[in-house]
Amino acid sequence: MEINTENLFTPQIALVSNRFLALPPAVQRVKELLALLSDERLFQKLGNGEKIERIEKNENGYLLYTDNYTMQVNVKYIPETRFCGPAKCELEFCEPVPQVSLIDNPRLNALPPGVQRTRELIALFSDERLYEALGNGEMIESIEKNQNGYLIRTERYTLQVNVKYVQENGFCGPAKFELEFCKPEPYRM
């Protein structure tokens with residue numbers, strides 16, 4: 001019996017979907033959410049008066065809920081041949097669908113409500129305490145605005161992030177706020 005030693009020490013590289021090789025899935029998801037919230041098409045579709053109440057991950061991308069609309073944002077991954085760096089993707093903003101709102105929480109803001117809400121969400125996703133609380137293995141399944149701030153749900157945990165508004169007399173500009181991360185709780189259906 002003859003053994004072919006020619007291929008024995010030749011490295012074999014198997015190409016695997018690079019969507020999950022570059023970054024941990026939870027980090028990739030946060031990058032996608034930051035890209036979505038920073039995209040000017042969001043305001044073109046919804047206007048700056050709509051406040052995002054909830055974001056849910058679905059099989060095509062993300063479903064955004066505001067007081068008056070529901071809007072699908074599809075995420076399309078771009079195949080690449082390289083292995084390092086975040087997975088590249090394109091966002092496709094669908095037309096908003098009017099809905100009946102069950103949430104009525106009027107609040108006076110220095111910025112249009114939609115812009116203020118987006119600033120809060122970007123600050124939340126950019127805060128390193130999010131990774132400290134959930135780790136980079138927990139993918140965000142949904143985020144919902146509630147009375148105290150935002151409730152983030154992963155497959156295994158829920159995390160309450162409170163938004164504390166800083167009161168200042170005679171200020172002009174965006175409402176100042178601080179984020180308070182609570183302890184993650186095991187998710188219960």
# chains A, B, ... in the order shown; residues from 1 in each chain; ligands from 1
>>> select_by_dssp(residues="range 64-153 of chain A", states="strand (DSSP E or B)", output="NGL selection string")
:A and (64-66 or 69-77 or 89-93 or 97-98 or 140-145 or 149-153)
>>> closest_residue(among="A:Pro24, A:Pro96, A:Pro79, A:Gly114", to="Leu63 in chain A", atoms="only C-alpha atoms")
A:Pro96
>>> atom_distance(atom1="CA of Leu179 in chain A", atom2="CA of Pro86 in chain A")
26.7 Å
>>> select_by_dssp(residues="range 32-137 of chain A", states="alpha helix (DSSP H)", output="PyMOL selection string")
chain A and resi 32-38+40-46+113-126+128-134
>>> closest_residue(among="A:Glu128, A:Glu178, A:Glu32, A:Glu185", to="Lys57 in chain A", atoms="only C-alpha atoms")
A:Glu32
>>> closest_residue(among="A:Leu34, A:Leu159, A:Val166, A:Ile122", to="Gly135 in chain A", atoms="only C-alpha atoms")
A:Leu159
>>> residues_around(residues="Tyr69 in chain A", least_positions_apart="4", cutoff="12 Å", atoms="only C-alpha atoms", output="ChimeraX atom specification")
/A:45-47,49-54,63-65,94-103
>>> atom_distance(atom1="CA of Lys88 in chain A", atom2="CA of Val161 in chain A")
28.6 Å
>>> residues_around(residues="Cys89 in chain A", least_positions_apart="5", cutoff="8 Å", atoms="only C-alpha atoms", output="list in words")
Val75, Lys76, Tyr77 and Ile78 of chain A
>>> write_last_selection(atoms="all heavy atoms", output="tab-separated table (two decimals), in the first residue's frame")
chain	number	residue	atom	x	y	z
A	75	VAL	N	-31.92	43.02	5.18
A	75	VAL	CA	-30.46	42.99	5.21
A	75	VAL	C	-30.02	41.96	4.17
A	75	VAL	O	-30.40	40.80	4.25
A	75	VAL	CB	-29.93	42.60	6.61
A	75	VAL	CG1	-28.41	42.51	6.60
A	75	VAL	CG2	-30.40	43.59	7.65
A	76	LYS	N	-29.24	42.43	3.20
A	76	LYS	CA	-28.73	41.54	2.15
A	76	LYS	C	-27.22	41.48	2.29
A	76	LYS	O	-26.54	42.50	2.16
A	76	LYS	CB	-29.14	42.06	0.78
A	76	LYS	CG	-30.65	42.08	0.64
A	76	LYS	CD	-31.08	42.32	-0.76
A	76	LYS	CE	-32.59	42.34	-0.73
A	76	LYS	NZ	-33.24	42.00	-1.89
A	77	TYR	N	-26.71	40.27	2.55
A	77	TYR	CA	-25.27	40.08	2.74
A	77	TYR	C	-24.58	40.00	1.38
A	77	TYR	O	-25.08	39.38	0.45
A	77	TYR	CB	-25.00	38.83	3.57
A	77	TYR	CG	-25.51	38.99	4.97
A	77	TYR	CD1	-26.74	38.46	5.34
A	77	TYR	CD2	-24.79	39.71	5.91
A	77	TYR	CE1	-27.23	38.63	6.62
A	77	TYR	CE2	-25.28	39.89	7.19
A	77	TYR	CZ	-26.50	39.35	7.54
A	77	TYR	OH	-26.98	39.53	8.80
A	78	ILE	N	-23.41	40.63	1.30
A	78	ILE	CA	-22.63	40.65	0.07
A	78	ILE	C	-21.57	39.57	0.17
A	78	ILE	O	-20.71	39.62	1.05
A	78	ILE	CB	-21.98	42.05	-0.12
A	78	ILE	CG1	-23.07	43.12	-0.15
A	78	ILE	CG2	-21.12	42.07	-1.38
A	78	ILE	CD1	-22.54	44.53	-0.07
>>> atom_distance(atom1="CA of Gln44 in chain A", atom2="CA of Lys176 in chain A")
24.8 Å
